[in-house]
Structures are given as structure tokens and as C-alpha cells.
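Data block below; observations after.
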4 protein chains.
Amino acid sequence: MSGAVQGKRVVVTCADRFMGPATCELFAEQGAEVVADLRDLRPPAACDELIDTHGCPDVLIVNLGAPSSPNTPVEDLDDDTWAEKFEVMVHPLFRLARAVLPTMKQRRAGKIVVYGSATGLRSMAKVSAYSAARAAQVGFVKAAGLEAAPHNVQINLIAQNYVENSEYYPPELVASERFQRHLARNVPAGRLATGREDAELALFLASDKSDFIVGQAIPFSGGWTLQG
Amino acid sequence: MSGAVQGKRVVVTCADRFMGPATCELFAEQGAEVVADLRDLRPPAACDELIDTHGCPDVLIVNLGAPSSPNTPVEDLDDDTWAEKFEVMVHPLFRLARAVLPTMKQRRAGKIVVYGSATGLRSMAKVSAYSAARAAQVGFVKAAGLEAAPHNVQINLIAQNYVENSEYYPPELVASERFQRHLARNVPAGRLATGREDAELALFLASDKSDFIVGQAIPFSGGWTLQG
Amino acid sequence: MSGAVQGKRVVVTCADRFMGPATCELFAEQGAEVVADLRDLRPPAACDELIDTHGCPDVLIVNLGAPSSPNTPVEDLDDDTWAEKFEVMVHPLFRLARAVLPTMKQRRAGKIVVYGSATGLRSMAKVSAYSAARAAQVGFVKAAGLEAAPHNVQINLIAQNYVENSEYYPPELVASERFQRHLARNVPAGRLATGREDAELALFLASDKSDFIVGQAIPFSGGWTLQG
Amino acid sequence: MSGAVQGKRVVVTCADRFMGPATCELFAEQGAEVVADLRDLRPPAACDELIDTHGCPDVLIVNLGAPSSPNTPVEDLDDDTWAEKFEVMVHPLFRLARAVLPTMKQRRAGKIVVYGSATGLRSMAKVSAYSAARAAQVGFVKAAGLEAAPHNVQINLIAQNYVENSEYYPPELVASERFQRHLARNVPAGRLATGREDAELALFLASDKSDFIVGQAIPFSGGWTLQG
């Protein structure tokens with residue numbers, strides 16, 4: 001068998017949560033040597049320790065999700081809820097990139113794929129903390145992606161929404177008629193994506209086939225970013 | 001062998017030009033039944049005739065390129081040069097989509113992949129006619145893509161620039177030191193993409209793996225769009 | 001009285017339609033010498049004739065509106081309906097800019113303000129012809145605006161939606177409960193803008209105060225574009 | 001005299017730095033009652049204290065600038081430099097909005113204008129920390145702006161670059177031939193904007209004339225965002 005990431009060493013962060021399980025499964029099927037890291041990346045030293053432990057991989061999958069704290073107007077957000085979004089999703093993204101870029105640039109090869117959010121592109125009321133943090137991820141990927149490109153290192157982000165995932169969409173929510181009506185009204189594709197489909201986009205961005213795509217935030221939302 | 005478009009019927013327009021050859025080759029390798037159409041699509045009836053002749057395919061690759069007329073200030077563009085961009089790239093895109101959408105919607109399956117241009121997203125001085133026409137393609141794909149999504153039909157566009165192609169980048173231009181300096185300064189990736197790489201993105205967008213991506217203009221430019 | 005365009009010669013196209021009346025009124029109040037042109041700009045020679053007749057103005061207000069043909073799926077659009085959008089809104093924009101740019105560049109002073117549409121930015125289903133033409137306007141303004149900027153000539157576009165205007169929103173439609181519910185659901189500001197408010201943005205873009213803003217498509221939609 | 005913000009109470013943060021002086025001057029000329037606050041907004045309680053001290057204004061001008069730390073690759077950024085961008089520019093923006101929104105929503109009137117950066121929109125290599133923080137500001141303004149719009153409160157951001165300002169562009173830098181060449185190459189308008197011009201855009205966004213513009217990041221960069 002010879003897959004798109006055959007023999008590549010792939011580190012997946014927070015591998016038991018969010019898009020981690022689907023990613024590990026697909027990449028392993030495609031012949032990658034998958035390192036499923038589970039540590040909490042909030043402590044300032046955690047990102048460096050992660051890379052020290054596993055070495056600099058060929059592909060780094062930055063899989064970081066905080067609760068989106070939906071339906072919370074700006075005036076109801078407390079400082080801790082606000083800070084958590086940045087501590088979980090933004091600062092570790094920077095620290096992880098900082099930890100792998102010197103080696104990737106020296107190798108003149110490397111991929112960083114970030115599972116981000118379409119709320120970093122399109123507005124959503126009452127999720128302003130989450131949106132701001134997701135937008136910071138997009139801003140970082142665009143700047144760092146531009147910086148890394150001349151070294152043949154590609155950094156990209158999946159700007160997703162409406163992807164199956166038990167933390168954001170628990171089964172009982174998905175089963176409800178109300179949620180199905182919400183989907184029909186808000187997602188042109190009319191459904192949630194599977195985690196597998198999402199991982200397929202990550203796989204494409206992790207493969208050599210996409211070397212000319214750099215610094216992009218690619219919408220993956222069934223058309224949600226297209227309309228209200 | 002079982003490729004991403006195994007057994008799919010794929011029509012490629014203007015198949016001997018622009019991204020046609022690389023596309024036909026890759027899709028054939030991946031098990032598609034490729035129909036390489038060569039007709040001129042400017043005559044108003046040509047698009048309908050094309051689909052009447054071949055039938056509605058599973059995947060329609062809209063490969064339409066007009067000369068970009070570079071280095072032409074607005075005041076030096078004549079009406080014919082302006083009109084040509086729309087007659088070659090914009091009106092046929094609409095007519096082709098119109099010809100296949102009823103069947104694709106009825107089948108609840110179908111893909112339209114458009115080779116467009118990053119000049120439809122980022123500005124470029126002195127190519128205003130070309131840029132306007134390419135932006136019209138993007139506008140159409142976003143609107144039609146939104147419209148088709150609930151029918152499980154996906155329309156997307158590759159917003160490319162700096163892809164090898166003898167019409168836009170003749171070999172003697174590419175070989176020149178001046179062009180190589182231009183590349184180093186303007187393309188973060190520092191090189192032209194191969195047609196093969198470009199076709200790989202089209203393949204991904206033509207496969208079932210990308211069913212959740214709709215109405216998008218995906219930059220494929222080695223980072224050129226990041227700087228604008 | 002000394003207004004923002006005091007003593008400036010301002011040509012407004014199609015001045016009895018769309019945003020013309022509100023524009024002429026506000027600009028006249030602000031001390032401009034307003035030329036309200038009424039001609040049909042579809043004939044190829046009409047734009048040159050307009051500028052020949054009135055001379056190159058200080059400010060050109062490109063006010064071009066075609067029926068949006070709403071609720072028309074791609075497959076129901078005929079060639080004439082499609083072509084009309086480009087003949088009314090796109091080709092005249094190019095021809096008008098071509099007619100004034102040589103003089104404006106020579107003067108090292110000049111403003112072109114285009115009343116465009118937010119559908120050139122955000123997708124809307126079943127208005128694909130209109131959206132494609134409006135996107136072409138945006139593409140042209142970005143490219144030509146970049147080109148004109150070094151000559152101290154500023155070209156910008158108002159990407160509007162939900163502005164009072166009897167052609168798109170006849171009074172009986174606006175009065176209906178159904179439309180009011182549509183507004184509440186789709187326009188974060190919860191209302192239509194007045195033509196006066198829209199003209200105020202055009203005035204700002206026509207004044208010396210905005211000389212550093214070039215090639216932009218500025219959303220004016222009560223937040224409608226935020227949701228896409 | 002009756003200016004655009006006649007009689008309005010306007011709070012300007014960090015009023016002695018960045019765009020503060022030009023803003024205070026113009027708004028005072030236009031009849032506003034300007035409150036020039038000077039406090040450091042990094043301490044968590046500072047934003048609430050500021051609003052407690054002055055009361056909720058009609059217009060809040062969020063003027064927050066941190067050093068951009070240019071020419072610093074990702075791998076050379078230390079944790080403190082990274083954190084500073086968010087502590088100076090992002091968290092105070094949220095806290096200030098949180099402090100004024102309840103009263104503004106209750107009044108059904110209010111304006112928040114943010115001096116942000118075009119690096120929140122367009123990529124720039126080797127300023128990734130600054131870019132990420134500026135992108136977070138944009139993300140917050142889009143989300144909070146959407147949320148506030150139904151209450152007739154407007155939040156917008158000026159996405160600026162190349163505006164005169166002694167902190168980012170010290171006089172000796174501006175005077176150098178090298179910088180003038182840089183301007184000619186990177187800024188289509190070929191010059192720096194004055195602080196006054198920038199304040200004019202803030203004034204427009206602070207006036208009733210722009211009530212239909214919400215949640216926007218408006219590029220103010222002489223065309224820099226258009227191109228590389």
C-alpha cells in the first residue's frame with residue numbers, strides 16, 4: 001500500500017479530542033507513522049516538551065479546540081472564559097510552530113496543518129471570544145505561512161464549521177428536530193460533515209500534492225461561509 | 001487500480017490548451033473515463049452542443065483561458081479585447097453550468113471544477129479586463145455553488161496563478177533571469193507550479209472526498225494571493 | 001457654505017434611477033456642480049459621448065443598475081437576461097473609466113465612485129447572473145484602482161445591499177409583513193438604509209478626505225455581508 | 001459651527017500615542033466633547049475603571065498600539081513579545097467593548113471605532129505575532145459588530161497601514177531614501193497618509209452618517225492591501 005503520506009512521521013496534538021481520532025485513523029491507513037499526543041498544551045513549556053519528546057515530525061497536525069461558549073453576548077463574557085480561548089487555541093499554535101520551524105526550514109520540507117474554524121472568517125453573533133481567537137489563528141497562519149513558503153514548508157488552516165464532533169455537537173443535539181431544521185436553514189449542504197471528510201482535507205494539505213498551497217485558510221463548512 | 005475518480009465520466013473543455021493536457025492525463029491515470037473536448041466555446045450554441053454530444057458527465061472540468069493582455073492600462077484596452085475575456089471565460093462558464101445542472105440536480109450528484117485565476121481575488125495593475133472577467137467567474141461560482149449545494153452538486157474554482165503553461169509562460173520567458181527574479185520577488189514559494197500539481201487540486205475537488213466544499217475559490221498561487 | 005465637494009464638477013450617470021436622485025441632491029447641497037446625465041449607456045459609443053459632452057469631471061459617480069432577476073436558478077436564465085447584466089453594469093463601467101482616466105491621470109486628481117453591490121462579495125442563491133456581473137465590477141475596481149493610485153486618482157466601490165430604492169424594493173413590498181420579517185432575519189441592522197445614507201458614503205469617497213482609500217469595495221449592507 | 005460629532009461625548013484611549021493626538025484634534029474641531037484618556041490598559045481592571053471614571057461615552061475610540069516587532073521570524077519570538085501584542089491590543093479591546101455595550105444597547109445608540117491594522121487582513125512575513133493579534137481584533141469586531149447592530153450600536157475597525165506616526169515611522173526613517181523607495185514599491189498611493197486623514201475616516205465612522213456600516217474592517221492603506 002502506498003498512501004499520500006506513506007512513511008511520513010505525523011504528530012497529532014490532543015489526539016483523543018476534536019478531529020484527533022478521525023485524523024489518526026485516516027493517516028495511519030495512508031501509511032503514516034502517527035504519533036498521537038494527548039498532553040494539555042496550555043502550560044507554557046508543553047509545546048516545546050511535545051516536540052522534544054517526539055522530535056520534529058514531517059507533518060504537524062495542530063488540533064486545538066476550546067469550548068465555543070455559544071450564545072454568550074460580549075457583556076456576559078468573563079475574563080477567564082475569554083482568556084481560555086487564547087490559551088488553548090492561539091498561544092499553543094504559535095509555540096508549536098516555533099518549535100518545529102527551525103528544523104523544517106533546515107530540511108527544506110515540512111507541513112503544518114491547523115484545524116481552525118470558519119468563525120475566523122465569517123461572523124457569528126454571541127461567540128465573539130471564540131471568533132476572535134479563531135481569527136488570530138488565521139492571521140498567524142497567513143503570516144507564518146508566507147514566511148515559511150520560501151523554505152518549502154507549507155502551513156495551512158482548515159476553516160471548518162458543522163463537522164461531526166461529540167464536543168461541539170453531542171448526539172442528542174444532532175438527533176433533535178430543531179437542530180435538523182437549523183442545519184437545513186444554515187448549511188447549504190444540509191448536513192454535518194463527517195470527521196473522515198475533514199481528515200481527507202487535512203490529508204490533502206499534508207501531502208506533497210499541495211506544496212503550492214501556502215498560508216491559506218480553506219473554508220470547509222458545506223457552504224456556511226457563503227451565506228447567512 | 002482504484003483512483004479518486006474511478007469509473008467517473010469526466011468532460012474537460014478546451015482539452016488541448018491551458019490546464020487541459022495535465023488534467024486529462026491525471027484523471028485518466030485515476031481511472032476516469034475522460035472526454036477531451038476541443039471545441040471553441042464562444043459561439044452561443046457551443047456549450048449546449050458540447051453537453052448534447054457527450055451527455056451530462058459526472059464531473060465537468062471548466063478549462064477556459066483567454067490571453068491575459070498584461071501591461072495594458074485601462075485607457076489602452078479596446079472594446080474587442082475587453083469583450084473577448086467575457087466571451088471566452090465568463091459566458092461559457094454560465095452556459096456550461098446551465099447545461100449540466102438540471103441533470104446533476106436530478107441525480108443528486110455532480111461536480112463542476114473551474115480553473116479560474118487568483119487575479120479574480122487579488123488585484124493586479126494593468127490586467128483589468130482579465131481580472132474583471134476572472135472575478136465574474138468567482139462571483140458566479142459562489143452564487144451557483146450556493147444554489148447547487150442542497151442538491152448535492154458541488155461547484156468550486158481554483159484561483160490560480162504562476163502555474164506552468166506554455167500560453168501564459170512560454171519557455172523562453174521562464175528561462176530568463178529576469179523572470180526568475182520576478183518569481184523570487186512575487187511568489188513566496190519561489191517557483192511555478194507544475195500543471196500536474198494544479199490537476200491534483202482539481203482531482204481532489206472532483207472526488208467524493210470534497211463533497212463538503214462548495215462555492216469556494218481556492219487560492220493556488222504559491223502564496224501570491226497572501227500579499228494582496 | 002463650504003461642503004466636502006465644494007466647487008467640484010460631478011457627473012452622475014443614470015441620474016434619474018437607482019441611487020441617482022439621492023446622490024444629486026446631497027452633492028448639490030455640498031456645493032458641487034452636479035451634471036445629471038440620463039442616457040442609456042448600453043450602446044458602445046454612449047460612454048465616450050457622455051464624457052465628450054460634459055468634459056472629464058472631477059468626480060465621476062458610476063450609477064448603473066440592472067434588474068437583479070431574483071429567484072432565478074441558473075438553469076432558468078436565458079442568454080439575454082445573462083448578457084443584460086454585463087451590458088448594463090460591467091461594460092459601461094469599463095468604458096466610463098477608460099474615458100476619464102487619461103485626463104484624471106494628467107491632472108493628478110480625480111475620483112471614480114461606483115455604486116456596486118454586496119452580491120459581488122457575498123453569495124446569494126438564484127441571482128447568479130447579477131452576482132457575477134457585480135463581482136466583475138469589484139474585480140475591475142480593484143485592478144483599475146491599483147493602477148490609478150500612483151497617479152493620485154482614486155477608484156472605489158460601494159458594495160451595497162438593502163438600500164431604499166423603488167426599483168429593487170417597491171413600496172408595496174417594503175410595507176409587507178413578510179418583507180419586514182425578511183429584514184429582521186437577514187439584515188443585522190434590521191432595516192433598509194435610506195438613499196441619503198448611501199449618498200453620504202459616496203460623498204466621503206468623493207472628497208479629498210479619503211484620498212488614501214483606493215481600489216476598495218466597501219460593504220454597505222447593515223451587516224448583511226458579515227454573515228457570508 | 002455644527003460638525004459631524006457636535007456635542008457628542010467621545011473617549012479616546014491612549015490619547016497621547018499612536019492615532020490619539022490627530023483624533024483628539026479633529027474631533028474637538030468638529031464639536032465633540034473629547035475625553036483624552038492616557039492610562040495603561042493592560043491591567044485587567046483598567047478598562048472598567050476607565051469607563052467608570054468617564055461614564056459610557058457616545059463614541060469610544062479604541063486606539064491601542066503595540067510595537068510591531070518587525071523582521072522577527074516566528075522562531076525568534078519569545079513568549080513575552082508574543083503575549084504583549086494580545087495584552088496591549090486584544091484583551092483591552094474586548095474589555096472596553098464589554099464595559100460600554102450594556103449602556104449603548106440600552107440607549108439604542110453608540111459607536112465603537114477601532115484603529116486596527118491592515119496586517120489583520122493581508123499577510124506580512126516576520127510580523128506574525130502582531131498580525132495574529134491584529135487579526136484577532138478584526139475577528140472580534142466582526143462578531144461583536146454583528147451582535148450589536150440590532151441594538152443600533154455600530155462597531156467598526158480601520159485596517160490601516162502606512163499612516164504617519166512617530167512610533168512606527170520615526171522621522172529619520174521616513175526621511176531616508178531607502179524608505180522612500182520602499183513606499184514607492186509597496187504603497188500604490190506612493191506616500192504615507194497623515195494622521196489627519198486617518199482621523200477623518202474615524203470621524204465618518206463615528207458620525208450618524210455611517211449607521212448602516214457595521215462590523216467592518218475597512219482597509220486604509222493607500223492600496224497596500226490590494227497587492228504585494
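Here's how to read the names in the C-alpha cells: chain A, B, ... by the order shown, residue numbers from 1 in each chain, ligand numbers from 1 in the order shown.
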
Check every residue of chain D for an atom within 10 Å of chain C, counting only C-alpha atoms, and provide those that qualify as number ranges by chain. D: 142-143, 145-154, 160, 162-163, 184, 187-194, 196-201, 204, 208-227

Can you spit out the residues from that selection as a short mmCIF file (atom, residue, chain, number, x, y, z; two decimals), in the first residue's frame, using C-alpha atoms?
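Full text of again21.cif as output:
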```
data_model
loop_
_atom_site.label_atom_id
_atom_site.label_comp_id
_atom_site.auth_asym_id
_atom_site.auth_seq_id
_atom_site.Cartn_x
_atom_site.Cartn_y
_atom_site.Cartn_z
CA LYS D 142 -16.92 41.31 13.06
CA ALA D 143 -18.56 39.13 15.70
CA GLY D 145 -20.38 44.24 15.40
CA LEU D 146 -22.91 41.70 14.16
CA GLU D 147 -24.17 41.25 17.72
CA ALA D 148 -24.51 44.97 18.42
CA ALA D 149 -26.11 46.00 15.12
CA PRO D 150 -29.72 45.12 16.02
CA HIS D 151 -29.37 47.46 19.01
CA ASN D 152 -28.36 50.37 16.75
CA VAL D 153 -24.80 50.26 18.05
CA GLN D 154 -22.08 50.27 15.40
CA GLN D 160 -4.63 50.74 8.37
CA TYR D 162 1.44 53.32 6.25
CA VAL D 163 -0.06 56.10 8.35
CA ALA D 184 7.10 53.71 -3.95
CA VAL D 187 2.20 51.54 -1.38
CA PRO D 188 0.30 52.20 -4.62
CA ALA D 189 -0.55 55.71 -3.40
CA GLY D 190 3.19 56.29 -3.09
CA ARG D 191 3.18 58.03 0.29
CA LEU D 192 2.28 57.79 3.97
CA ALA D 193 -1.16 59.00 4.98
CA THR D 194 -1.32 61.81 7.50
CA ARG D 196 -5.43 63.71 9.98
CA GLU D 197 -6.65 61.65 7.01
CA ASP D 198 -6.89 58.61 9.24
CA ALA D 199 -8.87 60.57 11.82
CA GLU D 200 -11.25 61.69 9.05
CA LEU D 201 -12.18 58.05 8.45
CA PHE D 204 -17.00 59.31 9.37
CA ASP D 208 -24.58 59.18 12.29
CA LYS D 209 -23.93 59.13 8.56
CA SER D 210 -22.41 55.67 8.75
CA ASP D 211 -25.08 53.94 10.84
CA PHE D 212 -25.58 51.29 8.14
CA ILE D 213 -21.91 50.23 8.24
CA VAL D 214 -21.41 47.59 10.93
CA GLY D 215 -18.79 45.03 11.84
CA GLN D 216 -16.46 46.10 9.05
CA ALA D 217 -12.69 46.20 8.81
CA ILE D 218 -12.12 48.99 6.30
CA PRO D 219 -8.73 48.97 4.60
CA PHE D 220 -6.91 52.30 4.86
CA SER D 221 -3.52 51.67 3.36
CA GLY D 222 -3.09 53.56 0.10
CA GLY D 223 -3.74 50.31 -1.74
CA TRP D 224 -1.20 48.21 0.17
CA THR D 225 -3.87 45.58 0.88
CA LEU D 226 -4.50 45.27 -2.85
CA GLN D 227 -1.09 43.96 -3.78
#
```

From region 56-91 of chain B, collect each residue whose DSSP state is helix (DSSP H, G or I) and return the set as a PyMOL selection string. chain B and resi 74-76+79-91

Let's have the selection written as a short mmCIF file (atom, residue, chain, number, x, y, z; two decimals), in the first residue's frame, with N, CA and C atoms.
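Output saved as part_24.cif:
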```cif
data_model
loop_
_atom_site.label_atom_id
_atom_site.label_comp_id
_atom_site.auth_asym_id
_atom_site.auth_seq_id
_atom_site.Cartn_x
_atom_site.Cartn_y
_atom_site.Cartn_z
N VAL B 74 -5.92 50.56 -18.46
CA VAL B 74 -7.34 50.65 -18.82
C VAL B 74 -7.54 51.48 -20.09
N GLU B 75 -6.83 52.60 -20.19
CA GLU B 75 -7.09 53.50 -21.31
C GLU B 75 -6.58 52.94 -22.64
N ASP B 76 -5.79 51.86 -22.61
CA ASP B 76 -5.32 51.26 -23.86
C ASP B 76 -6.11 50.02 -24.26
N ASP B 79 -12.48 47.81 -27.10
CA ASP B 79 -13.71 47.08 -26.79
C ASP B 79 -13.61 45.59 -27.09
N ASP B 80 -12.91 45.26 -28.17
CA ASP B 80 -12.83 43.84 -28.55
C ASP B 80 -11.98 43.04 -27.56
N THR B 81 -10.88 43.63 -27.13
CA THR B 81 -10.03 42.94 -26.16
C THR B 81 -10.80 42.72 -24.86
N TRP B 82 -11.51 43.76 -24.44
CA TRP B 82 -12.34 43.65 -23.25
C TRP B 82 -13.38 42.53 -23.41
N ALA B 83 -14.13 42.59 -24.51
CA ALA B 83 -15.24 41.65 -24.72
C ALA B 83 -14.76 40.21 -24.79
N GLU B 84 -13.57 40.03 -25.40
CA GLU B 84 -13.05 38.67 -25.57
C GLU B 84 -12.93 37.93 -24.25
N LYS B 85 -12.49 38.64 -23.21
CA LYS B 85 -12.31 37.96 -21.92
C LYS B 85 -13.63 37.36 -21.43
N PHE B 86 -14.71 38.11 -21.61
CA PHE B 86 -16.02 37.64 -21.15
C PHE B 86 -16.57 36.55 -22.07
N GLU B 87 -16.32 36.71 -23.36
CA GLU B 87 -16.84 35.72 -24.32
C GLU B 87 -16.12 34.38 -24.21
N VAL B 88 -14.86 34.42 -23.82
CA VAL B 88 -14.10 33.18 -23.73
C VAL B 88 -14.24 32.54 -22.34
N MET B 89 -14.27 33.36 -21.29
CA MET B 89 -14.16 32.80 -19.95
C MET B 89 -15.43 32.87 -19.10
N VAL B 90 -16.27 33.84 -19.34
CA VAL B 90 -17.40 34.06 -18.43
C VAL B 90 -18.71 33.47 -18.98
N HIS B 91 -19.08 33.87 -20.18
CA HIS B 91 -20.36 33.39 -20.70
C HIS B 91 -20.37 31.87 -20.89
#
```

Between CA of Gln30 (chain C) and CA of Ala4 (chain C), what distance in Å does the model show, to one decimal?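 Computing the Euclidean distance for CA of Gln30 (chain C) and CA of Ala4 (chain C) yields 6.1 Å.
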
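Here CA of Ile112 (chain D) stands at a distance of 25.2 Å from CA of Phe140 (chain A).
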
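Distance annotation: of B:Val10, B:Ala136, B:Pro67, B:Ser117, the residue with the minimal separation from Ala159 (chain B) is B:Ser117; atom set is only C-alpha atoms.
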
Grab the CA of Ser69 (chain A) to CA of Ser131 (chain D) distance for me, in Å with one decimal place.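 Between CA of Ser69 (chain A) and CA of Ser131 (chain D) the gap is 24.6 Å.
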
Can you tell me, as a VMD selection string, what residues are no more than 7 Å from Val5 (chain B) when counting only C-alpha atoms, ignoring any on the same chain fewer than 3 positions away? chain B and resid 8 30 to 32 207

Nearest to Leu93 (chain D) by atom-to-atom distance, counting only C-alpha atoms, from A:Ser176, A:Thr53, A:Asn63, A:Ser128: A:Ser128

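Shortest atom-to-atom contact with Ala46 (chain A) among A:Leu205, A:Arg95, A:Ala144, A:Gln137: A:Arg95, counting only C-alpha atoms.
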
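The nearest approach to Thr119 (chain B) among the residues B:Ala202, B:Ala132, B:Pro171, B:Ser166, with only C-alpha atoms taken into account, belongs to B:Ala132.
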
All strand (DSSP E) residues (DSSP, backbone) inside region 1-204 of chain C, as a count of residues only: 29
